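**Q** Once you've had a glance at the structure underneath, I'll fire off some questions.
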Amino acid sequence: MSRHPQGPRKAPRGKDDQRGSRVGVSRFLWNSGRSIAAGALMWAAFPDVGAWYASIISLALIIAVVDHSRAWGAIFYAGLFGSVFWLPHVHWATIASGGWLPWVMLALTQILWWMLWGLCVRIFQVWPWARTLRGSIAFNIVAWTGIETLRSATPFTGFPWGKIAYPQVDSPLGHLAPWGGEVLVASAVVAAAVLVRWAFALVPDFEGGRWYSRPAMLVGLVGILVLPALVPLYAEQQAGAVKVGIVQGNVEIPGAKTYAIEGKVTGNHVAVTEELLEATPDVEVIFWGEGALDRDPRVNALNERLVTDIVDKAQRPILVGFNEYDGQKEVIRNLYGPWYPATAPTPGLGSLYGKQLPVPFGEYIPFREFISSLATEAAQVRVDMEAVENSSRLDVMVGEGRSLPVATGICFEVAYEGLLAEGVRSGGQIIVIPSNNYHFRTSPESAQQAQMARFRAMEFSRSAMQVSTTGESVLIRPDGGVLARTGRQSGEFAVGTLPLRTSLTPAAWMGYWSGYVMVGGLAVGIIMSGIVGVVRRYRSGERNVRLKAE
């Protein structure tokens, strides 16, 4: 009986596939874990945790993940990263709306932008130089700052919350704010993150690396984090100083029921103002928050009497906020301005600033009929708030004919860099952000907003204040330092002397333009990268056809 010779034994069919599948699952779990960690670290960079350095580690982690992913993987991991950050970061939306749908929809709009960022990073890597250190820093800066600018402006008025520049008010990188605003500070954060990502990579996957590459990156990282501290932040007065008092009258929860009681919120502010005057009678001007008057005092006798009496008692102007209802248009306007005592040359209500950028889905409903049919929470906003076209500079007469030019933005408008830059460029010597945070109770929302106010102070080299109906209310020096801070959900006041400044920083001159430049760079980069990708695929196809023919 003869035997036929046998060749080498073949591996069982599917064994390589199983091994590849296990590797794929392990890679997926590893990348997902890093993406989740990156999102958690980014969340920790903002209030209430406030660990600014976590933003750098966060970006380093997610950039490392996206660098090694295909396009769909980059989109998925960037979305996972965004979900872990945005859902807890804006969880206060559930308190304001009373439901989960507005919260999830708000977070989703921002998560989608971060997913687009992940795709852009992958698209840029068609270029050979993108795998070098300088190339990686450059395209990551353009991708991140370009996407941040876009999501801050669209859809509708955008949502410029959660920018990586804001936590840097407590880091040396904040010293760059006067020279380039949010874009320059964010660029420094991204550059530091890329250095961390490559200096600590488990596998040296960058091109052009040498034995000294990692130590050189660490030196560069230290330089980015330390050298900005040498850039001075100016806080000395240039046009004198002003002693201000901020009044946080409080809005008892539930806020809607408190506002339903005529004169209740106004009376709360009157009571705390009387405490302020008794403790510090020499303040020059007093600030109340957005909505501190629960009715329009021009048509409501009780509110008119309450505010007139306390202003006449104080014998100094009090800046007040209230809503104006326009019955012809069936809209409201959010207004803020000074009320002068009877002894003033022009007593009563002075010039007013009107909110320019109402919050979509919070203060007005886009596509109202359609949206209201889907979300009952949205229908709670029965009357839309109308945007007011006016300058963000507001003049207040203080003392004997002295005019105090104020750059102001109401509540969420603190997040709009160009709006406050216009008020500063037009002569504003101090920044005032009246706010009404009762919707968010003791959540971190008001602290997030106060962090932005601190960034604006540093950016424009102006004293600033956030004055809320319920807290946090903050007095801020031009260098971003906090002079006084109140608690949340309480009736308190704070007093401080703030320096007035007139010089303009480069950031004040630029306004939104630095962001527009980055958006332009992003658009050009995507178009050119797309062309290169198509050309490469065409040439690869021709090469394959030629090889088959041979």
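Residues are named by chain letter and number: chains run A, B, ... in the order of the structure tokens, numbers start at 1 in each chain, and ligands are numbered from 1 in the order shown.
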Mind checking which residues fall within 10 Å of Ala96 (chain A), counting only C-alpha atoms, ignoring those fewer than 6 positions away in the same chain, and posting them as a PyMOL selection string?

**A** chain A and resi 102-103+362+377+437-441

**Q** Now that the selection is made, can you save its residues with C-alpha atoms as an mmCIF file, in the first residue's frame?

**A**
```
data_model
loop_
_atom_site.group_PDB
_atom_site.id
_atom_site.type_symbol
_atom_site.label_atom_id
_atom_site.label_comp_id
_atom_site.auth_asym_id
_atom_site.auth_seq_id
_atom_site.Cartn_x
_atom_site.Cartn_y
_atom_site.Cartn_z
ATOM 1 C CA PRO A 102 -32.862 69.861 25.251
ATOM 2 C CA TRP A 103 -29.781 68.689 27.171
ATOM 3 C CA GLY A 362 -33.640 78.977 25.422
ATOM 4 C CA GLU A 377 -39.986 71.641 26.664
ATOM 5 C CA ASN A 437 -28.472 82.084 36.679
ATOM 6 C CA TYR A 438 -31.451 80.991 38.741
ATOM 7 C CA HIS A 439 -32.339 78.508 35.981
ATOM 8 C CA PHE A 440 -29.171 76.537 36.801
ATOM 9 C CA ARG A 441 -29.360 76.643 40.619
#
```

**Q** Apply DSSP to the backbone of this structure and, from region 194-287 of chain A, keep only the residues in helix (DSSP H, G or I); write these as an MDAnalysis selection string.

**A** chainID A and resid 194:199 213:230 255:260 264:279

**Q** Residues of the last selection are to be written out with N, CA and C atoms, as a compact mmCIF listing (two decimals), in the first residue's frame.

**A**
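Ended up saving to out_17.txt:
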```txt
# COMPACT_ATOMS: atom_id res chain seq x y z
N VAL A 194 0.29 68.14 21.30
CA VAL A 194 1.00 67.36 20.27
C VAL A 194 2.38 66.95 20.78
N LEU A 195 3.05 67.84 21.48
CA LEU A 195 4.37 67.50 22.04
C LEU A 195 4.24 66.39 23.08
N VAL A 196 3.23 66.46 23.91
CA VAL A 196 3.00 65.40 24.89
C VAL A 196 2.68 64.09 24.18
N ARG A 197 1.84 64.16 23.16
CA ARG A 197 1.44 62.97 22.43
C ARG A 197 2.64 62.25 21.81
N TRP A 198 3.58 62.99 21.24
CA TRP A 198 4.74 62.36 20.58
C TRP A 198 5.88 62.06 21.55
N ALA A 199 6.06 62.91 22.56
CA ALA A 199 7.16 62.68 23.50
C ALA A 199 6.93 61.42 24.33
N SER A 213 15.17 63.35 19.90
CA SER A 213 13.86 63.94 19.57
C SER A 213 12.96 64.09 20.80
N ARG A 214 12.86 63.02 21.58
CA ARG A 214 11.96 63.09 22.74
C ARG A 214 12.43 64.11 23.77
N PRO A 215 13.72 64.12 24.14
CA PRO A 215 14.16 65.18 25.07
C PRO A 215 13.92 66.58 24.51
N ALA A 216 14.11 66.75 23.19
CA ALA A 216 13.88 68.06 22.59
C ALA A 216 12.41 68.46 22.68
N MET A 217 11.52 67.46 22.52
CA MET A 217 10.09 67.75 22.64
C MET A 217 9.73 68.17 24.06
N LEU A 218 10.34 67.51 25.02
CA LEU A 218 10.06 67.88 26.41
C LEU A 218 10.56 69.28 26.72
N VAL A 219 11.70 69.63 26.16
CA VAL A 219 12.20 71.00 26.33
C VAL A 219 11.22 72.00 25.70
N GLY A 220 10.74 71.67 24.49
CA GLY A 220 9.76 72.53 23.83
C GLY A 220 8.48 72.65 24.64
N LEU A 221 8.04 71.54 25.23
CA LEU A 221 6.83 71.55 26.06
C LEU A 221 7.00 72.47 27.26
N VAL A 222 8.13 72.36 27.93
CA VAL A 222 8.40 73.22 29.08
C VAL A 222 8.42 74.68 28.65
N GLY A 223 9.00 74.93 27.47
CA GLY A 223 9.05 76.30 26.97
C GLY A 223 7.66 76.87 26.73
N ILE A 224 6.78 76.07 26.12
CA ILE A 224 5.42 76.53 25.86
C ILE A 224 4.67 76.82 27.15
N LEU A 225 4.91 76.01 28.17
CA LEU A 225 4.17 76.15 29.42
C LEU A 225 4.75 77.20 30.35
N VAL A 226 6.03 77.49 30.20
CA VAL A 226 6.70 78.39 31.15
C VAL A 226 6.91 79.79 30.60
N LEU A 227 7.37 79.89 29.35
CA LEU A 227 7.73 81.20 28.80
C LEU A 227 6.57 82.21 28.80
N PRO A 228 5.32 81.80 28.54
CA PRO A 228 4.23 82.80 28.59
C PRO A 228 4.10 83.49 29.93
N ALA A 229 4.55 82.85 31.00
CA ALA A 229 4.47 83.48 32.32
C ALA A 229 5.30 84.76 32.38
N LEU A 230 6.29 84.87 31.48
CA LEU A 230 7.13 86.07 31.43
C LEU A 230 6.44 87.23 30.72
N GLY A 255 -37.93 79.25 40.60
CA GLY A 255 -37.79 80.62 40.13
C GLY A 255 -39.01 81.15 39.41
N ALA A 256 -39.68 80.31 38.64
CA ALA A 256 -40.85 80.77 37.89
C ALA A 256 -41.94 81.26 38.85
N LYS A 257 -42.12 80.58 39.97
CA LYS A 257 -43.13 81.01 40.95
C LYS A 257 -42.71 82.30 41.64
N THR A 258 -41.40 82.45 41.88
CA THR A 258 -40.91 83.68 42.49
C THR A 258 -41.14 84.87 41.57
N TYR A 259 -40.83 84.70 40.29
CA TYR A 259 -41.05 85.78 39.32
C TYR A 259 -42.53 86.07 39.13
N ALA A 260 -43.37 85.10 39.40
CA ALA A 260 -44.81 85.33 39.25
C ALA A 260 -45.36 86.29 40.31
N LYS A 264 -41.39 90.75 43.86
CA LYS A 264 -40.64 89.87 44.76
C LYS A 264 -39.14 89.91 44.47
N VAL A 265 -38.74 89.66 43.23
CA VAL A 265 -37.32 89.65 42.89
C VAL A 265 -36.73 91.05 43.04
N THR A 266 -37.48 92.05 42.61
CA THR A 266 -37.01 93.43 42.77
C THR A 266 -36.81 93.76 44.24
N GLY A 267 -37.78 93.35 45.08
CA GLY A 267 -37.67 93.60 46.51
C GLY A 267 -36.48 92.91 47.14
N ASN A 268 -36.15 91.71 46.66
CA ASN A 268 -34.95 91.02 47.15
C ASN A 268 -33.70 91.86 46.89
N HIS A 269 -33.62 92.45 45.71
CA HIS A 269 -32.44 93.26 45.37
C HIS A 269 -32.41 94.58 46.15
N VAL A 270 -33.57 95.13 46.41
CA VAL A 270 -33.64 96.33 47.24
C VAL A 270 -33.10 96.03 48.64
N ALA A 271 -33.50 94.90 49.20
CA ALA A 271 -33.08 94.55 50.57
C ALA A 271 -31.56 94.37 50.66
N VAL A 272 -30.97 93.68 49.69
CA VAL A 272 -29.52 93.46 49.72
C VAL A 272 -28.78 94.76 49.44
N THR A 273 -29.36 95.64 48.60
CA THR A 273 -28.74 96.94 48.34
C THR A 273 -28.70 97.78 49.61
N GLU A 274 -29.74 97.71 50.40
CA GLU A 274 -29.74 98.45 51.67
C GLU A 274 -28.65 97.94 52.60
N GLU A 275 -28.41 96.63 52.59
CA GLU A 275 -27.31 96.07 53.38
C GLU A 275 -25.97 96.60 52.87
N LEU A 276 -25.81 96.66 51.56
CA LEU A 276 -24.57 97.15 50.97
C LEU A 276 -24.32 98.61 51.37
N LEU A 277 -25.35 99.45 51.27
CA LEU A 277 -25.20 100.88 51.58
C LEU A 277 -24.86 101.09 53.05
N GLU A 278 -25.42 100.25 53.90
CA GLU A 278 -25.11 100.37 55.33
C GLU A 278 -23.68 99.96 55.62
N ALA A 279 -23.17 98.94 54.91
CA ALA A 279 -21.81 98.46 55.15
C ALA A 279 -20.76 99.30 54.43
```

**Q** Smallest atom-to-atom distance to Ala54 (chain A): which of A:Asn334, A:Gln449, A:Gln168, A:Gln356, using only C-alpha atoms?

**A** A:Gln168

**Q** Can you tell me, as a ChimeraX atom specification, what residues are no more than 12 Å from Thr505 (chain A) when counting only C-alpha atoms, ignoring any on the same chain fewer than 5 positions away?

**A** /A:176-181,233-234,421,424-425,456-462,478,510-511

**Q** Can I get the selected residues back with N, CA and C atoms, as an mmCIF file, in the first residue's frame?

**A**
```
data_model
loop_
_atom_site.group_PDB
_atom_site.id
_atom_site.type_symbol
_atom_site.label_atom_id
_atom_site.label_comp_id
_atom_site.auth_asym_id
_atom_site.auth_seq_id
_atom_site.Cartn_x
_atom_site.Cartn_y
_atom_site.Cartn_z
ATOM 1 N N LEU A 176 -1.065 84.774 27.240
ATOM 2 C CA LEU A 176 -1.075 85.021 25.802
ATOM 3 C C LEU A 176 -2.380 85.646 25.340
ATOM 4 N N ALA A 177 -3.390 85.655 26.193
ATOM 5 C CA ALA A 177 -4.726 86.115 25.803
ATOM 6 C C ALA A 177 -4.737 87.529 25.221
ATOM 7 N N PRO A 178 -4.040 88.507 25.812
ATOM 8 C CA PRO A 178 -4.097 89.858 25.236
ATOM 9 C C PRO A 178 -3.505 89.943 23.829
ATOM 10 N N TRP A 179 -2.658 88.992 23.466
ATOM 11 C CA TRP A 179 -1.933 89.071 22.200
ATOM 12 C C TRP A 179 -2.616 88.319 21.070
ATOM 13 N N GLY A 180 -3.538 87.457 21.370
ATOM 14 C CA GLY A 180 -4.194 86.731 20.286
ATOM 15 C C GLY A 180 -5.514 86.112 20.683
ATOM 16 N N GLY A 181 -6.000 86.430 21.871
ATOM 17 C CA GLY A 181 -7.310 85.965 22.295
ATOM 18 C C GLY A 181 -7.431 84.461 22.373
ATOM 19 N N LEU A 233 0.903 90.808 32.370
ATOM 20 C CA LEU A 233 -0.509 91.139 32.323
ATOM 21 C C LEU A 233 -0.689 92.454 33.073
ATOM 22 N N TYR A 234 -1.160 93.462 32.391
ATOM 23 C CA TYR A 234 -1.218 94.794 32.981
ATOM 24 C C TYR A 234 -2.513 94.991 33.768
ATOM 25 N N ALA A 421 -15.344 92.696 22.293
ATOM 26 C CA ALA A 421 -14.221 93.431 21.681
ATOM 27 C C ALA A 421 -14.716 94.742 21.077
ATOM 28 N N VAL A 424 -15.163 97.271 23.828
ATOM 29 C CA VAL A 424 -13.868 97.764 24.309
ATOM 30 C C VAL A 424 -13.257 98.718 23.289
ATOM 31 N N ARG A 425 -13.295 98.347 22.014
ATOM 32 C CA ARG A 425 -12.726 99.216 20.968
ATOM 33 C C ARG A 425 -13.437 100.561 20.896
ATOM 34 N N ARG A 456 -12.056 87.168 29.451
ATOM 35 C CA ARG A 456 -12.261 88.447 28.775
ATOM 36 C C ARG A 456 -11.462 89.562 29.459
ATOM 37 N N ALA A 457 -11.397 89.535 30.791
ATOM 38 C CA ALA A 457 -10.615 90.545 31.511
ATOM 39 C C ALA A 457 -9.150 90.485 31.091
ATOM 40 N N MET A 458 -8.579 89.284 31.030
ATOM 41 C CA MET A 458 -7.191 89.115 30.625
ATOM 42 C C MET A 458 -6.994 89.489 29.155
ATOM 43 N N GLU A 459 -7.943 89.060 28.327
ATOM 44 C CA GLU A 459 -7.847 89.252 26.885
ATOM 45 C C GLU A 459 -7.838 90.731 26.507
ATOM 46 N N PHE A 460 -8.712 91.512 27.138
ATOM 47 C CA PHE A 460 -8.852 92.920 26.787
ATOM 48 C C PHE A 460 -8.206 93.858 27.789
ATOM 49 N N SER A 461 -7.562 93.287 28.801
ATOM 50 C CA SER A 461 -6.889 94.068 29.831
ATOM 51 C C SER A 461 -7.854 95.086 30.451
ATOM 52 N N ARG A 462 -8.979 94.566 30.895
ATOM 53 C CA ARG A 462 -10.014 95.389 31.513
ATOM 54 C C ARG A 462 -10.490 94.739 32.811
ATOM 55 N N PRO A 478 -7.994 93.405 35.897
ATOM 56 C CA PRO A 478 -7.625 93.301 34.478
ATOM 57 C C PRO A 478 -6.680 92.149 34.157
ATOM 58 N N MET A 510 -8.319 92.612 17.031
ATOM 59 C CA MET A 510 -8.623 91.496 16.139
ATOM 60 C C MET A 510 -10.059 91.033 16.224
ATOM 61 N N GLY A 511 -10.626 90.993 17.439
ATOM 62 C CA GLY A 511 -11.978 90.494 17.583
ATOM 63 C C GLY A 511 -12.104 89.073 17.051
#
```

**Q** Taking the DSSP assignment computed from this structure's backbone, write out as a ChimeraX atom specification all residues of region 296-333 of chain A that belong to strand (DSSP E).

**A** /A:318-326,331-333

**Q** With distances taken over only C-alpha atoms, which residue among A:Ile310, A:Ser446, A:Phe139, A:Tyr53 lies nearest Gln125 (chain A)?

**A**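 When distances to Gln125 (chain A) are compared using only C-alpha atoms, the smallest one comes from A:Phe139.
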
**Q** A:Val474, A:Ala314, A:Leu394, A:Ile261: which is nearest Tyr353 (chain A), counting only C-alpha atoms?

**A** A:Leu394

**Q** Identify, on the basis of only C-alpha atoms, every residue whose closest approach to region 384-386 of chain A does not exceed 10 Å; exclude the query and any residue fewer than 2 positions from it along the same chain; express the result as number ranges by chain.

**A** A: 323-326, 329-334, 354-366, 368, 381-382, 388-389

**Q** Measure the distance from CA of Val532 (chain A) to CA of Thr154 (chain A) in Å and round it to one decimal.

**A**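 These two atoms are separated by 28.5 Å.
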